[in-house]
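Student: entry-v5.cif is reproduced in full below (mmCIF, C-alpha atoms).
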```
data_final
loop_
_atom_site.label_atom_id
_atom_site.label_comp_id
_atom_site.auth_asym_id
_atom_site.auth_seq_id
_atom_site.Cartn_x
_atom_site.Cartn_y
_atom_site.Cartn_z
CA MET A 1 99.66 111.97 121.68
CA SER A 2 98.14 113.76 118.73
CA LEU A 3 96.02 112.90 115.74
CA LYS A 4 97.49 113.50 112.30
CA ARG A 5 95.51 115.86 110.17
CA ILE A 6 97.60 115.98 107.00
CA ASP A 7 99.10 113.23 104.86
CA LEU A 8 101.90 114.69 102.75
CA LEU A 9 102.78 112.27 99.96
CA ILE A 10 106.06 113.18 98.32
CA CYS A 11 106.77 111.35 95.10
CA CYS A 12 110.12 109.62 95.55
CA GLY A 13 110.26 107.76 92.29
CA SER A 14 113.62 108.04 90.61
CA GLY A 15 112.46 110.92 88.39
CA CYS A 16 111.43 113.11 91.30
CA VAL A 17 114.42 112.06 93.39
CA SER A 18 116.77 113.23 90.65
CA ALA A 19 114.80 116.48 90.52
CA GLY A 20 115.44 117.03 94.25
CA ALA A 21 112.55 115.36 96.08
CA LEU A 22 114.72 114.22 99.00
CA LYS A 23 115.99 117.75 99.64
CA ILE A 24 112.39 118.92 99.70
CA LYS A 25 111.50 116.22 102.18
CA GLU A 26 114.34 117.35 104.48
CA ARG A 27 113.19 120.93 104.16
CA PHE A 28 109.65 119.93 105.17
CA HIS A 29 111.00 118.31 108.31
CA GLU A 30 112.85 121.52 109.19
CA VAL A 31 109.96 123.87 108.50
CA LEU A 32 107.36 121.73 110.27
CA LYS A 33 109.64 121.81 113.30
CA GLU A 34 109.91 125.60 113.11
CA HIS A 35 106.10 125.83 113.13
CA ASN A 36 105.90 123.20 115.84
CA ILE A 37 103.43 121.05 113.90
CA THR A 38 105.64 118.03 113.21
CA ASN A 39 103.22 115.73 115.04
CA GLU A 40 100.25 116.84 112.94
CA VAL A 41 101.66 115.81 109.57
CA ASN A 42 102.57 112.42 108.13
CA ILE A 43 105.38 112.72 105.63
CA ILE A 44 105.26 109.75 103.29
CA GLU A 45 107.66 108.87 100.50
CA THR A 46 105.74 107.18 97.72
CA GLY A 47 106.69 105.48 94.50
CA CYS A 48 106.32 107.14 91.11
CA MET A 49 103.11 109.12 90.69
CA GLY A 50 103.45 109.28 86.92
CA PRO A 51 103.75 112.90 85.77
CA CYS A 52 107.56 112.91 85.98
CA ASP A 53 108.02 115.99 83.79
CA TYR A 54 106.36 118.05 86.52
CA GLY A 55 108.68 116.70 89.21
CA PRO A 56 109.22 117.01 92.06
CA VAL A 57 105.52 116.46 92.65
CA MET A 58 103.49 115.86 95.79
CA VAL A 59 99.91 115.26 96.87
CA ILE A 60 98.49 116.56 100.14
CA TYR A 61 95.51 114.87 101.78
CA PRO A 62 92.71 115.13 102.91
CA GLU A 63 92.08 117.65 100.12
CA GLY A 64 94.18 115.74 97.59
CA ILE A 65 95.96 118.90 96.45
CA PHE A 66 98.63 118.36 93.80
CA TYR A 67 101.77 120.53 93.63
CA LYS A 68 104.29 120.41 90.83
CA LYS A 69 107.90 121.53 90.31
CA VAL A 70 108.33 122.23 93.99
CA THR A 71 111.69 123.62 95.12
CA PRO A 72 113.10 123.73 98.67
CA ASP A 73 112.34 127.46 98.67
CA ASP A 74 108.62 126.76 98.21
CA VAL A 75 108.38 124.62 101.32
CA ALA A 76 108.09 127.46 103.83
CA GLU A 77 105.16 128.91 101.91
CA ILE A 78 103.39 125.55 101.64
CA VAL A 79 103.68 125.01 105.37
CA SER A 80 102.71 128.49 106.54
CA GLU A 81 99.92 129.04 104.04
CA HIS A 82 98.50 125.61 103.33
CA PHE A 83 99.28 123.60 106.46
CA VAL A 84 98.85 126.34 109.04
CA LYS A 85 96.24 128.63 107.47
CA GLY A 86 94.41 126.21 105.18
CA ARG A 87 95.10 128.18 102.01
CA PRO A 88 96.57 125.96 99.29
CA VAL A 89 99.30 127.60 97.21
CA ALA A 90 97.74 128.22 93.80
CA ARG A 91 100.96 129.08 91.99
CA LEU A 92 102.31 125.56 92.53
CA MET A 93 99.24 123.86 91.12
CA LEU A 94 99.08 122.46 87.66
CA GLN A 95 97.88 124.87 85.01
CA GLU A 96 96.85 123.66 81.59
CA GLU A 97 94.93 125.62 78.96
CA GLU A 98 94.44 128.51 81.38
CA LYS A 99 92.77 126.28 83.95
CA THR A 100 94.16 125.57 87.38
CA PHE A 101 93.83 122.04 88.69
CA SER A 102 94.03 121.87 92.43
CA ALA A 103 93.01 118.27 93.06
CA HIS A 104 95.19 115.39 92.08
CA LYS A 105 92.26 113.38 90.70
CA ASP A 106 91.14 116.16 88.32
CA ILE A 107 94.43 116.45 86.45
CA PRO A 108 93.94 115.72 82.73
CA PHE A 109 96.91 113.33 82.74
CA TYR A 110 95.00 110.95 85.03
CA GLN A 111 91.55 111.44 83.55
CA LYS A 112 91.82 108.78 80.88
CA GLN A 113 93.69 106.26 82.94
CA VAL A 114 92.56 103.43 85.11
CA LYS A 115 95.47 102.18 87.12
CA VAL A 116 95.50 98.45 87.68
CA ALA A 117 98.98 97.12 88.38
CA LEU A 118 100.09 100.59 89.43
CA GLU A 119 97.05 101.47 91.53
CA ASN A 120 99.04 101.73 94.76
CA CYS A 121 102.02 103.45 93.18
CA GLY A 122 102.15 107.02 94.42
CA TYR A 123 99.38 106.30 96.92
CA ILE A 124 101.00 104.14 99.57
CA ASP A 125 104.32 104.21 101.34
CA PRO A 126 106.24 101.43 99.58
CA GLU A 127 108.34 100.85 102.68
CA SER A 128 105.29 100.15 104.82
CA LEU A 129 103.87 96.65 104.84
CA ASP A 130 100.86 97.94 106.78
CA GLU A 131 99.88 100.34 104.04
CA TYR A 132 100.04 97.57 101.48
CA ILE A 133 97.85 95.39 103.70
CA ALA A 134 95.44 98.31 104.08
CA THR A 135 94.79 98.19 100.35
CA GLY A 136 93.92 94.49 100.55
CA GLY A 137 97.46 93.21 100.24
CA TYR A 138 98.22 89.52 100.86
CA GLU A 139 94.53 88.63 100.93
CA ALA A 140 94.80 87.04 97.51
CA LEU A 141 97.74 84.97 98.71
CA GLY A 142 95.87 83.95 101.84
CA THR A 143 92.81 82.97 99.84
CA VAL A 144 94.78 80.96 97.31
CA LEU A 145 96.80 79.15 99.96
CA THR A 146 93.90 78.31 102.24
CA GLU A 147 91.04 77.74 99.81
CA MET A 148 92.54 76.53 96.53
CA LYS A 149 94.65 73.80 95.13
CA PRO A 150 97.37 74.94 92.72
CA GLN A 151 95.32 73.61 89.80
CA ASP A 152 92.29 75.68 90.83
CA ALA A 153 94.35 78.82 90.80
CA ILE A 154 95.84 77.97 87.41
CA ASN A 155 92.30 77.50 86.10
CA ILE A 156 91.45 81.00 87.26
CA ILE A 157 94.44 82.34 85.39
CA LYS A 158 93.25 80.45 82.34
CA GLU A 159 89.75 81.89 82.57
CA SER A 160 91.10 85.38 83.11
CA GLY A 161 92.85 85.29 79.74
CA LEU A 162 96.05 86.68 81.24
CA ARG A 163 99.00 86.76 78.86
CA GLY A 164 102.63 87.78 78.95
CA ARG A 165 102.94 91.51 78.89
CA GLY A 166 106.30 91.93 77.24
CA GLY A 167 104.94 91.88 73.69
CA GLY A 168 104.78 88.19 72.84
CA GLY A 169 101.53 87.73 74.70
CA PHE A 170 102.00 84.05 75.46
CA PRO A 171 99.11 82.71 77.55
CA THR A 172 100.20 82.66 81.15
CA HIS A 173 98.31 79.58 82.20
CA ILE A 174 100.10 77.35 79.67
CA LYS A 175 103.47 78.21 81.14
CA TRP A 176 102.21 77.66 84.65
CA GLN A 177 100.58 74.38 83.73
CA MET A 178 103.77 73.04 82.18
CA VAL A 179 105.83 73.73 85.24
CA HIS A 180 103.08 72.56 87.53
CA ASP A 181 103.07 69.22 85.67
CA ALA A 182 106.86 68.91 85.47
CA LYS A 183 108.48 66.57 87.97
CA ALA A 184 111.44 68.01 89.84
CA ASP A 185 112.87 67.77 93.33
CA GLN A 186 113.23 71.49 93.53
CA LYS A 187 111.64 74.22 91.45
CA TYR A 188 112.57 77.87 91.44
CA ILE A 189 110.84 81.01 90.36
CA ILE A 190 112.73 83.97 89.01
CA CYS A 191 111.36 87.46 88.74
CA ASN A 192 113.16 89.29 86.00
CA GLY A 193 113.64 92.86 87.06
CA ASP A 194 116.46 93.46 84.62
CA GLU A 195 114.32 95.64 82.39
CA GLY A 196 116.84 95.52 79.59
CA ASP A 197 114.90 97.58 77.08
CA PRO A 198 116.43 101.03 76.84
CA GLY A 199 114.28 103.75 78.32
CA ALA A 200 111.67 101.43 79.78
CA PHE A 201 110.97 102.12 83.41
CA MET A 202 107.64 100.48 84.09
CA ASP A 203 109.15 97.61 86.05
CA ARG A 204 111.23 100.00 88.06
CA SER A 205 108.13 102.01 88.95
CA LEU A 206 106.51 98.91 90.35
CA LEU A 207 109.56 97.60 92.15
CA GLU A 208 110.09 100.98 93.77
CA GLY A 209 106.49 101.95 94.30
CA ASP A 210 104.74 98.76 95.38
CA PRO A 211 107.27 96.02 96.14
CA HIS A 212 104.98 93.88 98.28
CA ARG A 213 102.64 93.44 95.36
CA ILE A 214 105.36 91.80 93.33
CA LEU A 215 106.30 89.63 96.27
CA GLU A 216 102.71 88.51 96.72
CA GLY A 217 102.37 87.78 93.00
CA MET A 218 105.56 85.75 93.11
CA MET A 219 104.36 83.66 96.03
CA ILE A 220 101.03 82.90 94.36
CA ALA A 221 102.84 81.84 91.20
CA ALA A 222 105.29 79.75 93.23
CA TYR A 223 102.46 77.97 95.03
CA CYS A 224 100.74 77.15 91.74
CA MET A 225 103.87 75.73 90.22
CA GLY A 226 105.35 74.03 93.24
CA ALA A 227 108.35 76.29 93.72
CA SER A 228 109.65 76.97 97.18
CA ASN A 229 112.46 79.35 96.33
CA GLY A 230 112.42 82.62 94.46
CA PHE A 231 114.97 85.02 93.10
CA PHE A 232 114.57 88.64 92.21
CA TYR A 233 117.05 89.51 89.56
CA ILE A 234 117.26 93.29 89.51
CA ARG A 235 119.78 95.37 87.66
CA ALA A 236 122.32 97.22 89.76
CA GLU A 237 121.30 100.51 88.16
CA TYR A 238 118.10 100.36 90.21
CA PRO A 239 119.47 100.73 93.75
CA LEU A 240 116.18 101.96 95.17
CA ALA A 241 114.27 99.04 93.68
CA ILE A 242 116.80 96.62 95.18
CA LYS A 243 116.57 98.28 98.58
CA ARG A 244 112.78 98.20 98.61
CA ILE A 245 112.42 94.59 97.48
CA LYS A 246 114.94 93.54 100.13
CA MET A 247 113.00 95.50 102.70
CA ALA A 248 109.72 93.95 101.58
CA ILE A 249 111.15 90.45 101.90
CA GLN A 250 112.41 91.25 105.39
CA GLN A 251 109.05 92.67 106.47
CA ALA A 252 107.12 89.73 105.03
CA LYS A 253 109.37 87.31 106.89
CA GLU A 254 108.95 89.16 110.15
CA LEU A 255 105.19 88.99 109.91
CA GLY A 256 105.18 85.35 108.86
CA LEU A 257 103.95 86.07 105.35
CA MET A 258 107.07 84.40 104.05
CA GLY A 259 108.93 81.42 105.44
CA ASN A 260 107.50 78.11 106.61
CA ASP A 261 103.87 77.11 106.71
CA ILE A 262 102.48 80.37 105.33
CA PHE A 263 98.86 80.95 106.42
CA GLY A 264 99.01 77.54 108.08
CA SER A 265 98.84 75.94 104.64
CA GLY A 266 102.07 73.98 104.75
CA PHE A 267 103.41 76.06 101.87
CA ASN A 268 107.01 77.20 102.39
CA PHE A 269 108.65 79.95 100.45
CA ASP A 270 111.83 81.96 100.61
CA ALA A 271 113.18 84.59 98.25
CA GLU A 272 116.34 86.57 97.77
CA VAL A 273 117.62 89.36 95.59
CA ARG A 274 120.45 89.10 93.09
CA THR A 275 121.74 92.12 91.30
CA GLY A 276 123.14 92.26 87.82
CA ALA A 277 124.88 94.74 85.61
CA GLY A 278 122.13 94.99 83.05
CA ALA A 279 122.33 94.19 79.38
CA PHE A 280 120.11 94.89 76.44
CA VAL A 281 117.98 91.95 75.31
CA CYS A 282 120.40 89.17 76.03
CA GLU A 283 119.71 85.54 75.50
CA ARG A 284 117.91 85.63 78.75
CA LYS A 285 117.94 81.98 79.58
CA TRP A 286 121.72 81.97 79.92
CA HIS A 287 121.97 85.51 81.00
CA LEU A 288 119.71 85.05 83.95
CA SER A 289 120.77 81.65 85.05
CA THR A 290 124.46 82.44 84.79
CA LEU A 291 124.16 85.66 86.63
CA LEU A 292 122.06 84.11 89.30
CA LYS A 293 124.65 81.36 89.66
CA VAL A 294 121.86 78.94 90.35
CA CYS A 295 123.46 75.69 89.41
CA GLU A 296 120.27 73.80 89.99
CA VAL A 297 118.47 75.72 87.32
CA ILE A 298 121.10 74.87 84.77
CA LEU A 299 120.98 71.22 85.73
CA LEU A 300 117.28 70.98 85.09
CA PRO A 301 116.07 69.55 81.78
CA ASN A 302 116.26 72.07 79.03
CA HIS A 303 112.54 72.56 78.55
CA LEU A 304 112.20 73.46 82.18
CA ILE A 305 114.85 76.10 81.97
CA GLN A 306 112.81 77.57 79.20
CA GLN A 307 109.79 77.68 81.45
CA PHE A 308 111.63 79.28 84.30
CA ARG A 309 112.84 81.93 82.00
CA VAL A 310 109.35 82.71 80.97
CA PHE A 311 107.96 82.82 84.48
CA GLY A 312 110.15 85.60 85.43
CA GLU A 313 109.59 87.40 82.19
CA SER A 314 108.28 90.51 83.79
CA PRO A 315 107.24 91.60 87.23
CA LEU A 316 104.31 93.37 85.62
CA TRP A 317 103.01 90.10 84.64
CA LEU A 318 103.13 88.58 88.03
CA ILE A 319 101.40 91.61 89.32
CA MET A 320 98.51 91.38 86.95
CA LEU A 321 97.98 87.94 88.16
CA LYS A 322 97.52 89.21 91.63
CA GLN A 323 94.70 91.42 90.50
CA LEU A 324 92.94 88.52 88.92
CA GLU A 325 93.37 86.30 91.89
CA ILE A 326 91.24 88.73 93.79
CA LEU A 327 88.31 88.19 91.44
CA PRO A 328 86.90 85.11 93.17
CA GLN A 329 86.75 87.04 96.42
CA LEU A 330 84.65 89.69 94.81
CA MET B 1 100.21 86.01 111.59
CA LYS B 2 98.76 82.70 110.60
CA THR B 3 95.25 83.21 109.27
CA LEU B 4 93.22 85.46 107.02
CA ALA B 5 91.46 86.74 110.12
CA ASP B 6 94.81 87.90 111.55
CA LEU B 7 95.50 89.66 108.26
CA LYS B 8 92.10 91.34 108.40
CA LYS B 9 92.88 92.75 111.84
CA ILE B 10 96.10 94.28 110.58
CA ARG B 11 94.24 95.59 107.56
CA GLU B 12 91.57 97.34 109.62
CA LYS B 13 94.13 99.01 111.85
CA ALA B 14 96.20 100.10 108.85
CA GLN B 15 93.16 101.50 107.07
CA GLU B 16 92.41 103.71 110.05
CA ASP B 17 95.91 105.09 109.84
CA MET B 18 95.31 105.93 106.18
CA LYS B 19 91.87 107.46 106.55
CA LEU B 20 93.04 110.95 105.55
CA ARG B 21 93.66 109.60 102.06
CA GLY B 22 90.30 107.89 101.76
CA GLY B 23 88.28 110.82 103.06
CA ASN B 24 85.49 108.62 104.48
CA ALA B 25 85.48 109.67 108.11
CA ARG B 26 82.18 109.67 110.01
CA ILE B 27 82.65 113.23 111.22
CA LYS B 28 84.81 115.92 109.71
CA VAL B 29 85.97 118.75 111.98
CA VAL B 30 86.91 121.83 109.96
CA VAL B 31 88.68 124.62 111.84
CA GLY B 32 88.68 128.11 110.32
CA MET B 33 92.30 129.17 110.15
CA GLY B 34 92.11 132.58 108.54
CA THR B 35 94.08 135.48 109.96
CA SER B 36 91.36 136.44 112.44
CA GLY B 37 90.83 132.80 113.44
CA ILE B 38 94.51 132.35 114.16
CA ALA B 39 94.60 135.67 116.05
CA MET B 40 91.75 134.46 118.24
CA GLY B 41 93.41 131.14 119.07
CA ALA B 42 92.31 128.74 116.32
CA ARG B 43 95.63 126.86 116.60
CA GLU B 44 94.96 125.99 120.21
CA VAL B 45 91.45 124.96 119.27
CA MET B 46 92.69 122.69 116.51
CA LYS B 47 95.42 121.24 118.72
CA THR B 48 92.89 120.45 121.41
CA PHE B 49 90.66 118.67 118.89
CA LEU B 50 93.63 116.61 117.68
CA GLU B 51 94.67 115.70 121.21
CA GLU B 52 91.20 114.92 122.54
CA ILE B 53 90.28 112.80 119.54
CA ALA B 54 93.55 110.90 119.73
CA ALA B 55 93.22 110.42 123.50
CA ARG B 56 89.75 108.91 123.06
CA ASN B 57 90.96 106.81 120.14
CA LEU B 58 88.11 108.07 117.93
CA THR B 59 89.30 106.56 114.68
CA ASP B 60 86.39 107.70 112.51
CA VAL B 61 86.95 111.43 112.95
CA MET B 62 89.02 113.62 110.67
CA VAL B 63 90.34 117.08 111.53
CA THR B 64 91.19 119.53 108.81
CA GLN B 65 91.32 123.29 108.35
CA THR B 66 89.98 125.94 106.06
CA GLY B 67 90.58 129.65 105.49
CA GLU B 68 88.57 132.69 106.51
CA LYS B 69 84.89 131.89 106.92
CA GLY B 70 83.51 135.43 107.13
CA LEU B 71 82.51 135.15 110.78
CA SER B 72 85.40 137.15 112.22
CA SER B 73 83.54 138.40 115.26
CA MET B 74 82.84 134.80 116.33
CA GLU B 75 86.31 133.35 115.83
CA PRO B 76 87.60 130.73 116.36
CA VAL B 77 84.94 129.05 114.24
CA VAL B 78 84.63 125.30 113.74
CA ASP B 79 82.34 123.28 111.44
CA LEU B 80 81.27 119.75 112.29
CA ILE B 81 80.21 117.93 109.16
CA GLU B 82 78.48 114.58 109.39
CA GLU B 83 77.21 112.73 106.38
CA GLY B 84 73.42 112.89 106.07
CA LYS B 85 73.14 115.56 108.77
CA THR B 86 73.00 119.34 108.77
CA LYS B 87 76.35 121.07 109.16
CA VAL B 88 76.83 122.60 112.60
CA THR B 89 79.02 125.68 113.07
CA TYR B 90 80.40 126.44 116.52
CA GLY B 91 81.78 129.90 117.31
CA ASN B 92 83.89 131.63 119.99
CA MET B 93 85.60 128.34 120.64
CA ASN B 94 88.36 127.69 123.17
CA PRO B 95 90.07 124.51 124.40
CA ASP B 96 87.53 123.92 127.19
CA LYS B 97 84.61 124.24 124.80
CA VAL B 98 86.38 121.89 122.40
CA LYS B 99 86.57 119.22 125.09
CA LYS B 100 82.85 119.50 125.66
CA VAL B 101 82.08 119.35 121.91
CA VAL B 102 84.23 116.24 121.56
CA VAL B 103 82.40 114.46 124.38
CA GLU B 104 78.88 115.67 123.66
CA HIS B 105 78.70 116.04 119.90
CA ILE B 106 81.31 113.68 118.50
CA VAL B 107 81.01 110.88 121.05
CA ASN B 108 77.37 111.13 122.19
CA GLY B 109 75.86 112.71 119.09
CA ARG B 110 74.26 115.64 120.97
CA VAL B 111 74.78 119.10 119.51
CA VAL B 112 76.05 121.60 122.12
CA SER B 113 73.51 124.30 121.31
CA ASP B 114 75.07 126.93 123.62
CA TYR B 115 78.09 127.22 121.30
CA VAL B 116 76.29 126.97 117.97
CA VAL B 117 76.40 130.10 115.80
CA ALA B 118 74.94 128.67 112.61
CA THR B 119 73.53 125.47 111.13
CA GLY B 120 73.22 124.38 107.51
CA ASN B 121 75.27 125.71 104.62
#
```
Any chance you could give the structure as structure tokens?
Tutor:
Amino acid sequence: MSLKRIDLLICCGSGCVSAGALKIKERFHEVLKEHNITNEVNIIETGCMGPCDYGPVMVIYPEGIFYKKVTPDDVAEIVSEHFVKGRPVARLMLQEEEKTFSAHKDIPFYQKQVKVALENCGYIDPESLDEYIATGGYEALGTVLTEMKPQDAINIIKESGLRGRGGGGFPTHIKWQMVHDAKADQKYIICNGDEGDPGAFMDRSLLEGDPHRILEGMMIAAYCMGASNGFFYIRAEYPLAIKRIKMAIQQAKELGLMGNDIFGSGFNFDAEVRTGAGAFVCERKWHLSTLLKVCEVILLPNHLIQQFRVFGESPLWLIMLKQLEILPQL
Amino acid sequence: MKTLADLKKIREKAQEDMKLRGGNARIKVVVGMGTSGIAMGAREVMKTFLEEIAARNLTDVMVTQTGEKGLSSMEPVVDLIEEGKTKVTYGNMNPDKVKKVVVEHIVNGRVVSDYVVATGN
């Protein structure tokens, strides 16, 4: 048994993957083996770190060293110099205005940002439920389910001032309240991961980089509104996002975070993924419900369909909610 | 997994596994891995630290490495850095000495003065 001394976080967002991140990861496995230090290094694939034009990028802890535009040929040098001898490779660091930035946190690109919804993206392994839990994951869900009635949670959303984040900015709590008040035998929640706008990849970053967060947000929303079934509608062009959400659902079920009687609260929830071919700004009500083939949704009164459409408006939006749900704990 | 307390247990375990990224270990062990350090057996020294710390399940200790420290005649050289305490530098280390440092210094909090070559920065 051996203790790990290095966490190697390789950005495996779609940008870096298309720039060759997976080949680099394979190369690291080979070179670490050659140096016989495989058991000293954690290799972690993360979601998008943000600076895609520098891809493939990686961050190496504990120092937090950031390398950009890494090629498979650079790997041997990184391992022998940085990992074995403790000398980070300066030529792979970011250089701007004649300054070299070794540490990830000092890079100008990050200096003026405070990540909220994306705080875990590029920091945790999106395929690890444990890493999500380590950052406080599922505590908001647990708190809401065990300590609040749906109406209490909706009131928190109201106080938070949360609005839709697609542009319209419709107050979130009004939508939730309407569905909460609506009478129906069965309610559904849909998370719209279609991301139809050309060139917009923020939803993909989240789906790929922090899938459990979206799942948790969905379950909180479902509890508030009385839904017991959820659908992720994700476009087929995002295979990695689909894979990771499916994996997250599986992991949550295995741990009992999804299914029957979650947190002993009596709340049941199940979710599944549907994939679609993508389309630019369709009439989403029909688009979604048809593609999902959820007959029940179509059979609901018209105003309810409208609400369901809005719930799933954007994963981002469900995510934000999760942040705010944490506030009472603080 | 049925309660928030169960979740907390998982969280604490998972946070330990991610401590390299947080950087808030109680004690940081820094092994000098310059050319002379490596020539004198710094790899074995580092490996022994990693193994001994893992074997004792000391979750609040972090092992990392640095380059040449300028103490070539005393290699392998190791710093033990504890927050709020003076840095201790051990020299002429070998796997047996490492085992003693782990037990005495890291576990029991007693500096092994026989191996110390410098203190402070």
Student: Give me, as a tab-separated table, each residue of chain B that comes within 10 Å of chain A, together with its shortest interatomic pair and the distance in Å at one decimal, counting all atoms listed in the file, with rows ordered by chain and rising residue number.
Tutor:
```
residue	atom	partner	partner_atom	distance
B:Met1	CA	A:Gly256	CA	5.7
B:Lys2	CA	A:Phe263	CA	4.5
B:Thr3	CA	A:Phe263	CA	5.1
B:Leu4	CA	A:Gly142	CA	6.0
B:Ala5	CA	A:Gly142	CA	9.8
B:Asp6	CA	A:Phe263	CA	9.5
B:Leu7	CA	A:Glu139	CA	7.5
B:Lys8	CA	A:Glu139	CA	8.3
B:Lys9	CA	A:Ala134	CA	9.9
B:Ile10	CA	A:Asp130	CA	7.1
B:Arg11	CA	A:Ala134	CA	4.6
B:Glu12	CA	A:Ala134	CA	6.8
B:Lys13	CA	A:Ala134	CA	7.9
B:Ala14	CA	A:Ala134	CA	5.2
B:Gln15	CA	A:Ala134	CA	4.9
B:Glu16	CA	A:Ala134	CA	8.6
B:Asp17	CA	A:Glu131	CA	8.5
B:Met18	CA	A:Glu131	CA	7.5
B:Lys19	CA	A:Pro62	CA	8.5
B:Leu20	CA	A:Pro62	CA	5.0
B:Arg21	CA	A:Tyr61	CA	5.6
B:Gly22	CA	A:Pro62	CA	7.7
B:Gly23	CA	A:Pro62	CA	6.2
B:Asn24	CA	A:Pro62	CA	9.8
B:Val30	CA	A:Gly86	CA	9.9
B:Val31	CA	A:Gly86	CA	8.9
B:Gly32	CA	A:Gly86	CA	7.9
B:Met33	CA	A:Lys85	CA	4.8
B:Gly34	CA	A:Lys85	CA	5.8
B:Thr35	CA	A:Lys85	CA	7.6
B:Gly37	CA	A:Lys85	CA	9.1
B:Ile38	CA	A:Lys85	CA	7.8
B:Ala42	CA	A:Lys85	CA	9.7
B:Arg43	CA	A:Val84	CA	8.2
B:Met46	CA	A:Arg5	CA	9.7
B:Lys47	CA	A:Ser2	CA	8.0
B:Thr48	CA	A:Ser2	CA	8.9
B:Phe49	CA	A:Leu3	CA	8.5
B:Leu50	CA	A:Leu3	CA	4.8
B:Glu51	CA	A:Ser2	CA	4.7
B:Glu52	CA	A:Ser2	CA	8.0
B:Ile53	CA	A:Leu3	CA	6.9
B:Ala54	CA	A:Leu3	CA	5.1
B:Ala55	CA	A:Met1	CA	6.9
B:Asn57	CA	A:Leu3	CA	9.1
B:Leu58	CA	A:Leu3	CA	9.5
B:Thr59	CA	A:Leu3	CA	9.3
B:Val61	CA	A:Leu3	CA	9.6
B:Met62	CA	A:Arg5	CA	6.9
B:Val63	CA	A:Arg5	CA	5.5
B:Thr64	CA	A:Arg5	CA	5.8
B:Gln65	CA	A:Gly86	CA	5.3
B:Thr66	CA	A:Gly86	CA	4.5
B:Gly67	CA	A:Gly86	CA	5.2
B:Glu68	CA	A:Lys85	CA	8.7
```
Student: Between CA of Gly70 (chain B) and CA of Lys87 (chain B), what is the distance, to one decimal in Å?
Tutor: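 Distance reported for this atom pair: 16.2 Å.
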Student: Within 9 Å of Val88 (chain B), counting all atoms listed in the file, which residues qualify if same-chain residues fewer than 4 places away don't, as a PDB file with C-alpha atoms, in the coordinates of the input?
Tutor:
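Resulting contents of around.pdb:
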```pdb
ATOM      1  CA  VAL B  78      84.630 125.300 113.740  1.00  0.00           C
ATOM      2  CA  ASP B  79      82.340 123.280 111.440  1.00  0.00           C
ATOM      3  CA  LEU B  80      81.270 119.750 112.290  1.00  0.00           C
ATOM      4  CA  ILE B  81      80.210 117.930 109.160  1.00  0.00           C
ATOM      5  CA  GLU B  82      78.480 114.580 109.390  1.00  0.00           C
ATOM      6  CA  VAL B 111      74.780 119.100 119.510  1.00  0.00           C
ATOM      7  CA  VAL B 116      76.290 126.970 117.970  1.00  0.00           C
ATOM      8  CA  VAL B 117      76.400 130.100 115.800  1.00  0.00           C
ATOM      9  CA  ALA B 118      74.940 128.670 112.610  1.00  0.00           C
ATOM     10  CA  THR B 119      73.530 125.470 111.130  1.00  0.00           C
ATOM     11  CA  GLY B 120      73.220 124.380 107.510  1.00  0.00           C
ATOM     12  CA  ASN B 121      75.270 125.710 104.620  1.00  0.00           C
TER      13      ASN B 121
END
```
Student: Kindly give the distance, in Å, that separates CA of Pro56 (chain A) and CA of Asp203 (chain A), rounded to a single decimal.
Tutor: 20.3 Å
Student: How far is it from CA of Tyr238 (chain A) to CA of Ala252 (chain A), in Å with one decimal?
Tutor: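 Distance reported for this atom pair: 21.3 Å.
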Student: Name the residues that the PyMOL selection byres ((chain B and resi 76) around 6) pulls out of this structure, and write them as a PyMOL selection string.
Tutor: chain B and resi 37+40+42+75+77+91-93
Student: Only C-alpha atoms, please: the residues just picked out, written as a PDB file, in the coordinates of the input.
Tutor:
```
ATOM      1  CA  GLY B  37      90.830 132.800 113.440  1.00  0.00           C
ATOM      2  CA  MET B  40      91.750 134.460 118.240  1.00  0.00           C
ATOM      3  CA  ALA B  42      92.310 128.740 116.320  1.00  0.00           C
ATOM      4  CA  GLU B  75      86.310 133.350 115.830  1.00  0.00           C
ATOM      5  CA  VAL B  77      84.940 129.050 114.240  1.00  0.00           C
ATOM      6  CA  GLY B  91      81.780 129.900 117.310  1.00  0.00           C
ATOM      7  CA  ASN B  92      83.890 131.630 119.990  1.00  0.00           C
ATOM      8  CA  MET B  93      85.600 128.340 120.640  1.00  0.00           C
TER       9      MET B  93
END
```
Student: Go through A:Val273, A:Leu92, A:Ile24, A:Ile220 one by one, measure the shortest atom-to-atom distance of each to Tyr54 (chain A) using all atoms listed in the file, and give the residue with the smallest value.
Tutor: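 Checking each candidate against Tyr54 (chain A), we get A:Leu92 as the closest.
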Student: Evaluated on this file, the PyMOL selection byres ((chain A and resi 13) around 8) picks out some residues - which ones are they, written as a VMD selection string?
Tutor: chain A and resid 11 to 12 14 to 17 46 to 49 205 208 to 209
Student: Hey, what comes out of the PyMOL selection byres ((chain A and resi 187) around 6) on this file? Could you write it as an NGL selection string?
Tutor: :A and (186 or 188 or 227)
Student: Counting all atoms listed in the file, which of B:Arg56, B:Gly84, B:Glu44, B:Ser72 gets nearest to Lys97 (chain B)?
Tutor: B:Glu44
Student: Show me, as an MDAnalysis selection string, the residues that have an atom within 9 Å of His29 (chain A) when counting only C-alpha atoms, minus same-chain residues fewer than 5 positions from it.
Tutor: chainID A and resid 24 34 38 43
Student: Contacts of Pro211 (chain A) at 12 Å or less, counting all atoms listed in the file, minus same-chain residues fewer than 5 places along, as a VMD selection string?
Tutor: chain A and resid 46 to 47 117 to 118 120 to 121 124 to 129 131 to 132 137 193 203 to 206 216 to 218 232 240 to 252 315 to 316 318 to 319
